[in-house]
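Participant: Just so it is clear, I am handing over query-v1.cif, which has mmCIF, C-alpha atoms.
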```cif
data_structure
#
loop_
_atom_site.group_PDB
_atom_site.id
_atom_site.type_symbol
_atom_site.label_atom_id
_atom_site.label_comp_id
_atom_site.auth_asym_id
_atom_site.auth_seq_id
_atom_site.Cartn_x
_atom_site.Cartn_y
_atom_site.Cartn_z
ATOM 1 C CA MET A 1 -5.849 -7.703 10.074
ATOM 2 C CA LYS A 2 -5.420 -3.987 9.709
ATOM 3 C CA CYS A 3 -7.126 -2.218 12.581
ATOM 4 C CA PRO A 4 -10.269 -0.489 11.375
ATOM 5 C CA ASP A 5 -9.520 2.514 13.581
ATOM 6 C CA PHE A 6 -5.833 2.858 12.640
ATOM 7 C CA VAL A 7 -4.896 6.486 12.048
ATOM 8 C CA GLY A 8 -2.025 7.247 9.715
ATOM 9 C CA ASP A 9 1.455 7.204 11.193
ATOM 10 C CA PRO A 10 4.410 8.836 9.382
ATOM 11 C CA VAL A 11 6.797 6.210 10.808
ATOM 12 C CA VAL A 12 4.677 3.426 9.322
ATOM 13 C CA ASP A 13 4.462 5.294 6.008
ATOM 14 C CA VAL A 14 8.255 5.608 5.826
ATOM 15 C CA ALA A 15 8.841 1.988 6.832
ATOM 16 C CA GLU A 16 6.317 0.661 4.310
ATOM 17 C CA THR A 17 7.740 2.827 1.527
ATOM 18 C CA ILE A 18 11.313 1.713 2.204
ATOM 19 C CA TRP A 19 10.203 -1.921 2.447
ATOM 20 C CA LYS A 20 8.322 -1.750 -0.878
ATOM 21 C CA GLU A 21 11.384 -0.235 -2.538
ATOM 22 C CA THR A 22 13.989 -2.605 -1.094
ATOM 23 C CA LYS A 23 12.390 -5.906 0.027
ATOM 24 C CA ASP A 24 15.643 -6.381 1.939
ATOM 25 C CA VAL A 25 15.954 -6.139 5.728
ATOM 26 C CA HIS A 26 19.511 -4.736 5.698
ATOM 27 C CA LYS A 27 18.697 -2.102 3.081
ATOM 28 C CA MET A 28 15.541 -1.257 4.972
ATOM 29 C CA VAL A 29 17.415 -0.682 8.227
ATOM 30 C CA GLU A 30 19.895 1.516 6.362
ATOM 31 C CA GLY A 31 17.019 3.469 4.809
ATOM 32 C CA LEU A 32 15.398 3.953 8.202
ATOM 33 C CA ARG A 33 18.668 5.319 9.604
ATOM 34 C CA ASN A 34 18.874 7.828 6.755
ATOM 35 C CA ASP A 35 15.271 9.038 6.801
ATOM 36 C CA VAL A 36 14.486 12.202 8.736
ATOM 37 C CA THR A 37 11.335 10.680 10.262
ATOM 38 C CA THR A 38 12.925 7.468 11.518
ATOM 39 C CA LYS A 39 16.638 8.180 11.984
ATOM 40 C CA ASN A 40 16.318 8.694 15.751
ATOM 41 C CA LEU A 41 14.286 5.524 16.295
ATOM 42 C CA THR A 42 15.601 2.027 16.846
ATOM 43 C CA THR A 43 14.535 -0.719 14.483
ATOM 44 C CA ALA A 44 12.462 -2.175 17.328
ATOM 45 C CA GLU A 45 10.665 1.142 17.775
ATOM 46 C CA VAL A 46 9.854 1.312 14.062
ATOM 47 C CA ALA A 47 8.623 -2.280 14.175
ATOM 48 C CA SER A 48 6.389 -1.353 17.105
ATOM 49 C CA HIS A 49 4.788 1.437 15.084
ATOM 50 C CA VAL A 50 4.132 -0.938 12.190
ATOM 51 C CA VAL A 51 2.684 -3.702 14.361
ATOM 52 C CA ARG A 52 0.260 -1.205 15.957
ATOM 53 C CA LYS A 53 -1.363 -0.847 12.531
ATOM 54 C CA PHE A 54 -2.738 -4.364 12.993
ATOM 55 C CA CYS A 55 -5.056 -5.862 15.563
ATOM 56 C CA LYS A 56 -6.892 -9.006 16.482
ATOM 57 C CA ILE A 57 -10.485 -8.912 15.329
ATOM 58 C CA PRO A 58 -12.229 -10.048 18.538
ATOM 59 C CA GLU A 59 -14.995 -12.018 16.805
ATOM 60 C CA VAL A 60 -12.400 -13.975 14.847
ATOM 61 C CA TRP A 61 -9.884 -14.537 17.657
ATOM 62 C CA GLU A 62 -12.364 -15.213 20.433
ATOM 63 C CA PHE A 63 -15.074 -17.075 18.559
ATOM 64 C CA ILE A 64 -14.009 -18.469 15.179
ATOM 65 C CA LEU A 65 -10.356 -19.481 15.708
ATOM 66 C CA PRO A 66 -11.029 -21.495 18.884
ATOM 67 C CA ARG A 67 -13.579 -23.545 16.939
ATOM 68 C CA LEU A 68 -11.209 -24.155 14.028
ATOM 69 C CA PHE A 69 -8.175 -24.945 16.176
ATOM 70 C CA GLY A 70 -7.618 -28.665 16.558
ATOM 71 C CA ARG A 71 -10.013 -29.489 13.721
ATOM 72 C CA TYR A 72 -7.958 -27.879 10.940
ATOM 73 C CA LYS A 73 -4.328 -27.010 10.322
ATOM 74 C CA LEU A 74 -4.004 -23.242 10.484
ATOM 75 C CA ALA A 75 -1.253 -20.984 9.152
ATOM 76 C CA VAL A 76 -0.527 -17.279 8.860
ATOM 77 C CA VAL A 77 0.859 -16.075 5.532
ATOM 78 C CA ASN A 78 2.355 -12.653 6.173
ATOM 79 C CA ASN A 79 3.805 -10.180 3.680
ATOM 80 C CA GLY A 80 5.308 -8.140 6.485
ATOM 81 C CA MET A 81 8.757 -6.683 6.599
ATOM 82 C CA GLY A 82 11.307 -8.876 8.337
ATOM 83 C CA ILE A 83 11.930 -6.403 11.162
ATOM 84 C CA THR A 84 8.374 -6.931 12.440
ATOM 85 C CA VAL A 85 8.248 -10.746 12.538
ATOM 86 C CA PRO A 86 9.398 -11.290 16.153
ATOM 87 C CA LEU A 87 7.105 -8.549 17.458
ATOM 88 C CA PHE A 88 4.131 -9.846 15.446
ATOM 89 C CA LYS A 89 4.658 -13.311 16.870
ATOM 90 C CA GLU A 90 4.984 -11.977 20.421
ATOM 91 C CA THR A 91 2.093 -9.513 20.207
ATOM 92 C CA PHE A 92 -0.442 -11.787 18.562
ATOM 93 C CA ASN A 93 0.509 -15.150 20.100
ATOM 94 C CA PHE A 94 -0.001 -16.907 16.779
ATOM 95 C CA LYS A 95 1.189 -20.148 18.325
ATOM 96 C CA ASP A 96 -2.078 -20.268 20.283
ATOM 97 C CA TYR A 97 -3.983 -21.181 17.104
ATOM 98 C CA PHE A 98 -1.593 -21.448 14.174
ATOM 99 C CA GLU A 99 0.825 -24.233 13.335
ATOM 100 C CA LEU A 100 2.826 -22.070 10.945
ATOM 101 C CA PHE A 101 3.799 -18.453 10.524
ATOM 102 C CA ILE A 102 5.059 -17.952 6.973
ATOM 103 C CA ASN A 103 6.688 -14.586 6.316
ATOM 104 C CA SER A 104 7.461 -13.380 2.810
ATOM 105 C CA SER A 105 10.643 -11.621 3.921
ATOM 106 C CA GLU A 106 12.013 -14.875 5.304
ATOM 107 C CA GLU A 107 10.837 -16.931 2.311
ATOM 108 C CA GLY A 108 11.852 -14.528 -0.470
ATOM 109 C CA VAL A 109 8.416 -14.645 -2.100
ATOM 110 C CA GLU A 110 5.231 -12.800 -1.210
ATOM 111 C CA LYS A 111 1.504 -12.885 -1.741
ATOM 112 C CA PRO A 112 0.024 -13.095 -4.357
ATOM 113 C CA ASN A 113 2.930 -15.070 -5.875
ATOM 114 C CA PRO A 114 1.991 -18.781 -6.075
ATOM 115 C CA GLY A 115 5.279 -19.727 -4.408
ATOM 116 C CA ILE A 116 4.240 -18.456 -0.963
ATOM 117 C CA PHE A 117 1.063 -20.536 -1.098
ATOM 118 C CA LYS A 118 2.946 -23.645 -2.230
ATOM 119 C CA ILE A 119 5.376 -23.254 0.668
ATOM 120 C CA THR A 120 2.429 -22.990 3.047
ATOM 121 C CA TYR A 121 0.432 -26.015 1.934
ATOM 122 C CA GLN A 122 3.551 -28.149 1.586
ATOM 123 C CA ARG A 123 4.699 -27.315 5.133
ATOM 124 C CA LEU A 124 1.209 -28.028 6.432
ATOM 125 C CA GLY A 125 1.316 -31.389 4.637
ATOM 126 C CA VAL A 126 -1.920 -30.812 2.736
ATOM 127 C CA THR A 127 -2.998 -30.302 -0.855
ATOM 128 C CA PRO A 128 -4.104 -26.909 -2.164
ATOM 129 C CA SER A 129 -7.682 -28.143 -2.562
ATOM 130 C CA GLU A 130 -7.760 -28.813 1.199
ATOM 131 C CA CYS A 131 -6.912 -25.169 1.945
ATOM 132 C CA VAL A 132 -9.051 -22.120 2.564
ATOM 133 C CA PHE A 133 -7.130 -18.863 2.293
ATOM 134 C CA THR A 134 -8.492 -15.649 3.799
ATOM 135 C CA ASP A 135 -7.199 -12.147 3.195
ATOM 136 C CA ASP A 136 -8.559 -8.627 2.998
ATOM 137 C CA SER A 137 -6.912 -8.247 -0.422
ATOM 138 C CA GLU A 138 -8.797 -9.576 -3.428
ATOM 139 C CA LEU A 139 -5.482 -9.859 -5.305
ATOM 140 C CA ASN A 140 -3.991 -12.101 -2.601
ATOM 141 C CA VAL A 141 -7.095 -14.300 -2.507
ATOM 142 C CA LYS A 142 -6.927 -14.647 -6.307
ATOM 143 C CA GLY A 143 -3.273 -15.732 -5.991
ATOM 144 C CA ALA A 144 -4.281 -18.493 -3.586
ATOM 145 C CA GLU A 145 -7.162 -19.560 -5.806
ATOM 146 C CA ASP A 146 -4.774 -19.735 -8.773
ATOM 147 C CA VAL A 147 -2.858 -22.544 -7.016
ATOM 148 C CA GLY A 148 -6.076 -24.434 -6.234
ATOM 149 C CA MET A 149 -6.990 -23.113 -2.790
ATOM 150 C CA LYS A 150 -10.454 -21.916 -1.908
ATOM 151 C CA GLY A 151 -10.567 -18.232 -1.058
ATOM 152 C CA ILE A 152 -12.462 -15.808 1.134
ATOM 153 C CA ILE A 153 -12.070 -12.056 0.903
ATOM 154 C CA TYR A 154 -12.319 -10.836 4.490
ATOM 155 C CA LYS A 155 -14.742 -7.937 4.867
ATOM 156 C CA ASP A 156 -16.240 -8.416 8.307
ATOM 157 C CA PRO A 157 -16.521 -11.180 10.921
ATOM 158 C CA GLN A 158 -20.097 -12.179 10.107
ATOM 159 C CA SER A 159 -19.624 -12.605 6.347
ATOM 160 C CA PHE A 160 -16.318 -14.370 7.026
ATOM 161 C CA LYS A 161 -18.070 -16.842 9.333
ATOM 162 C CA GLU A 162 -20.844 -17.441 6.782
ATOM 163 C CA GLN A 163 -18.452 -17.957 3.863
ATOM 164 C CA LEU A 164 -16.235 -20.219 5.939
ATOM 165 C CA GLU A 165 -19.173 -22.392 6.983
ATOM 166 C CA LEU A 166 -20.219 -22.700 3.337
ATOM 167 C CA LEU A 167 -16.737 -23.725 2.219
ATOM 168 C CA LEU A 168 -16.240 -26.151 5.107
ATOM 169 C CA ASN A 169 -19.780 -27.460 4.703
ATOM 170 C CA THR A 170 -20.372 -27.266 8.426
ATOM 171 C CA GLU A 171 -22.017 -25.037 10.962
ATOM 172 C CA TYR A 172 -19.350 -24.898 13.637
ATOM 173 C CA CYS A 173 -20.251 -21.613 15.295
#
```
Could you render the structure as structure tokens?
Facilitator:
Amino acid sequence: MKCPDFVGDPVVDVAETIWKETKDVHKMVEGLRNDVTTKNLTTAEVASHVVRKFCKIPEVWEFILPRLFGRYKLAVVNNGMGITVPLFKETFNFKDYFELFINSSEEGVEKPNPGIFKITYQRLGVTPSECVFTDDSELNVKGAEDVGMKGIIYKDPQSFKEQLELLLNTEYC
């Protein structure tokens, strides 16, 4: 999730703008080399700036995910730029709770396109109706719902927990 206390960062702004315009890792790296803000930074340094925009929500990572893990198949569907994938995986230890990390840059399709959700449920070996998709973007949740998944718009840990328990028909927390 985006960190609630993240303060704007010109490096992140440049990287996100170039990524939105290109959707291509090689073109992005070239754009970063040519931009006045990022030309003296390595790709890894730029990736580090971008990854700092995101954080683990303690209530989710320390309380909710441990209770879901082992009972449900969990996946991350990430629209991030390809240069950040290794650092995201290292920083957030997704493997601790998630079976899959699906990245739009690697797959060539991004949320809210139905294709990214189909890839996810197929790789998990489940049907869309067995899936609950959570995102802080209403548009992305709608995309998941359009393929038959249930959706939760993430606003805060407590409402997320309540909505999840309703959808799963269980009080697990």
Participant: Using only C-alpha atoms, find the one residue out of A:Lys23, A:Val12, A:Ile153, A:Arg123 that sits nearest to Val109 in chain A.
Facilitator: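 Among the listed residues, the smallest separation from Val109 in chain A belongs to A:Lys23.
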Participant: List the residues selected by the PyMOL selection byres ((chain A and resi 132-140) around 7) in the file shown, writing them as a PyMOL selection string.
Facilitator: chain A and resi 111-112+130-131+141-144+149-155
Participant: What gap, in Å, lies between CA of Glu99 in chain A and CA of Thr120 in chain A?
Facilitator: 10.5 Å
Participant: May I have the residues within 9 Å of Asp9 in chain A as a PyMOL selection string, using all atoms listed in the file and disregarding those fewer than 4 positions away in the same chain?
Facilitator: chain A and resi 13-14+49-50+53
Participant: Between A:Asp156, A:Tyr97, A:Gln163, A:Ala15, which one has atoms that come closest to Glu45 in chain A, using only C-alpha atoms?
Facilitator: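 Smallest distance to Glu45 in chain A is found for A:Ala15.
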Participant: Would you compute the distance between CA of Arg67 in chain A and CA of Lys161 in chain A? Give it in Å to one decimal.
Facilitator: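 Between CA of Arg67 in chain A and CA of Lys161 in chain A the gap works out to 11.1 Å.
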Participant: Considering only C-alpha atoms, can you say which of A:Val11, A:Leu168, A:Ile18, A:Val25 comes closest to Thr37 in chain A?
Facilitator: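 Under the stated criterion, the closest residue is A:Val11.
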Participant: For Thr43 in chain A, which residue out of A:Lys56, A:His26, A:Lys2, A:Lys118 is the nearest one, using only C-alpha atoms?
Facilitator: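 Looking only at the distances to Thr43 in chain A, the closest residue turns out to be A:His26.
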Participant: I'd like to know which of A:Gln158, A:Asn113, A:Asn169, A:Asn34 is closest to Ile64 in chain A, using only C-alpha atoms.
Facilitator: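 Nearest to Ile64 in chain A: A:Gln158.
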Participant: Could you tell me how far CA of Lys73 in chain A sits from CA of Leu100 in chain A, in Å to one decimal place?
Facilitator: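 So the answer is 8.7 Å.
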Participant: So, counting only C-alpha atoms, which residue among A:Thr170, A:Asn79, A:Thr127, A:Thr84 is closest to Lys20 in chain A?
Facilitator: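 Counting only C-alpha atoms, the residue closest to Lys20 in chain A is A:Asn79.
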Participant: Env of Glu107 in chain A: 9 Å cut, atoms = only C-alpha atoms, seq-sep filter 5 positions within chain, self excluded. Answer as a list in words.
Facilitator: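 Final neighbour list, sorted by chain and number: Ile102, Ile116 and Ile119 of chain A.
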Participant: Just to be explicit: take each residue in the selection above, keep C-alpha atoms, and write the result as a short mmCIF file (atom, residue, chain, number, x, y, z; two decimals), in the coordinates of the input.
Facilitator:
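Saved to selection_1.cif:
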```
data_model
loop_
_atom_site.label_atom_id
_atom_site.label_comp_id
_atom_site.auth_asym_id
_atom_site.auth_seq_id
_atom_site.Cartn_x
_atom_site.Cartn_y
_atom_site.Cartn_z
CA ILE A 102 5.06 -17.95 6.97
CA ILE A 116 4.24 -18.46 -0.96
CA ILE A 119 5.38 -23.25 0.67
#
```
Participant: Report the centre and edge lengths, in Å to one decimal, of an axis-aligned box enclosing every atom of range 134-148 of chain A listed in the file, padded by 5 Å on each side, as JSON.
Facilitator:
```
{"center_x": -5.8, "center_y": -16.3, "center_z": -2.5, "size_x": 15.9, "size_y": 26.2, "size_z": 22.6}
```
Participant: If you apply the PyMOL selection byres ((chain A and resi 92) around 10) to this file, what residues do you get, as a compact mmCIF listing (two decimals) with C-alpha atoms, in the frame of the given file?
Facilitator:
```txt
# COMPACT_ATOMS: atom_id res chain seq x y z
CA VAL A 51 2.68 -3.70 14.36
CA PHE A 54 -2.74 -4.36 12.99
CA CYS A 55 -5.06 -5.86 15.56
CA LYS A 56 -6.89 -9.01 16.48
CA TRP A 61 -9.88 -14.54 17.66
CA LEU A 87 7.10 -8.55 17.46
CA PHE A 88 4.13 -9.85 15.45
CA LYS A 89 4.66 -13.31 16.87
CA GLU A 90 4.98 -11.98 20.42
CA THR A 91 2.09 -9.51 20.21
CA ASN A 93 0.51 -15.15 20.10
CA PHE A 94 0.00 -16.91 16.78
CA LYS A 95 1.19 -20.15 18.32
CA ASP A 96 -2.08 -20.27 20.28
```
Participant: Evaluate the PyMOL selection byres ((chain A and resi 103) around 9) here and jot the selected residues down as a ChimeraX atom specification.
Facilitator: /A:76-82,85,101-102,104-110,116
Participant: Please produce range 144-163 of chain A, completed to N, CA and C atoms, as an mmCIF file, in the frame of the given file.
Facilitator:
```cif
data_model
loop_
_atom_site.group_PDB
_atom_site.id
_atom_site.type_symbol
_atom_site.label_atom_id
_atom_site.label_comp_id
_atom_site.auth_asym_id
_atom_site.auth_seq_id
_atom_site.Cartn_x
_atom_site.Cartn_y
_atom_site.Cartn_z
ATOM 1 N N ALA A 144 -4.069 -17.200 -4.242
ATOM 2 C CA ALA A 144 -4.281 -18.493 -3.586
ATOM 3 C C ALA A 144 -5.193 -19.382 -4.424
ATOM 4 N N GLU A 145 -6.238 -18.787 -4.970
ATOM 5 C CA GLU A 145 -7.162 -19.560 -5.806
ATOM 6 C C GLU A 145 -6.466 -20.075 -7.065
ATOM 7 N N ASP A 146 -5.516 -19.321 -7.575
ATOM 8 C CA ASP A 146 -4.774 -19.735 -8.773
ATOM 9 C C ASP A 146 -3.954 -21.003 -8.553
ATOM 10 N N VAL A 147 -3.591 -21.302 -7.290
ATOM 11 C CA VAL A 147 -2.858 -22.544 -7.016
ATOM 12 C C VAL A 147 -3.800 -23.664 -6.581
ATOM 13 N N GLY A 148 -5.105 -23.396 -6.559
ATOM 14 C CA GLY A 148 -6.076 -24.434 -6.234
ATOM 15 C C GLY A 148 -6.691 -24.350 -4.852
ATOM 16 N N MET A 149 -6.367 -23.294 -4.107
ATOM 17 C CA MET A 149 -6.990 -23.113 -2.790
ATOM 18 C C MET A 149 -8.366 -22.475 -2.964
ATOM 19 N N LYS A 150 -9.202 -22.662 -1.973
ATOM 20 C CA LYS A 150 -10.454 -21.916 -1.908
ATOM 21 C C LYS A 150 -10.124 -20.578 -1.252
ATOM 22 N N GLY A 151 -10.886 -19.543 -1.590
ATOM 23 C CA GLY A 151 -10.567 -18.232 -1.058
ATOM 24 C C GLY A 151 -11.756 -17.491 -0.489
ATOM 25 N N ILE A 152 -11.471 -16.692 0.527
ATOM 26 C CA ILE A 152 -12.462 -15.808 1.134
ATOM 27 C C ILE A 152 -11.830 -14.430 1.264
ATOM 28 N N ILE A 153 -12.507 -13.433 0.703
ATOM 29 C CA ILE A 153 -12.070 -12.056 0.903
ATOM 30 C C ILE A 153 -12.693 -11.588 2.209
ATOM 31 N N TYR A 154 -11.832 -11.252 3.181
ATOM 32 C CA TYR A 154 -12.319 -10.836 4.490
ATOM 33 C C TYR A 154 -12.850 -9.415 4.421
ATOM 34 N N LYS A 155 -14.127 -9.264 4.800
ATOM 35 C CA LYS A 155 -14.742 -7.937 4.867
ATOM 36 C C LYS A 155 -15.188 -7.618 6.279
ATOM 37 N N ASP A 156 -15.771 -8.603 6.942
ATOM 38 C CA ASP A 156 -16.240 -8.416 8.307
ATOM 39 C C ASP A 156 -16.409 -9.803 8.927
ATOM 40 N N PRO A 157 -16.454 -9.869 10.255
ATOM 41 C CA PRO A 157 -16.521 -11.180 10.921
ATOM 42 C C PRO A 157 -17.734 -12.026 10.523
ATOM 43 N N GLN A 158 -18.891 -11.406 10.400
ATOM 44 C CA GLN A 158 -20.097 -12.179 10.107
ATOM 45 C C GLN A 158 -20.051 -12.804 8.713
ATOM 46 N N SER A 159 -19.690 -12.026 7.696
ATOM 47 C CA SER A 159 -19.624 -12.605 6.347
ATOM 48 C C SER A 159 -18.493 -13.620 6.258
ATOM 49 N N PHE A 160 -17.405 -13.393 6.988
ATOM 50 C CA PHE A 160 -16.318 -14.370 7.026
ATOM 51 C C PHE A 160 -16.822 -15.699 7.588
ATOM 52 N N LYS A 161 -17.517 -15.642 8.708
ATOM 53 C CA LYS A 161 -18.070 -16.842 9.333
ATOM 54 C C LYS A 161 -19.006 -17.572 8.361
ATOM 55 N N GLU A 162 -19.883 -16.834 7.709
ATOM 56 C CA GLU A 162 -20.844 -17.441 6.782
ATOM 57 C C GLU A 162 -20.140 -18.098 5.595
ATOM 58 N N GLN A 163 -19.185 -17.398 5.000
ATOM 59 C CA GLN A 163 -18.452 -17.957 3.863
ATOM 60 C C GLN A 163 -17.641 -19.179 4.278
#
```
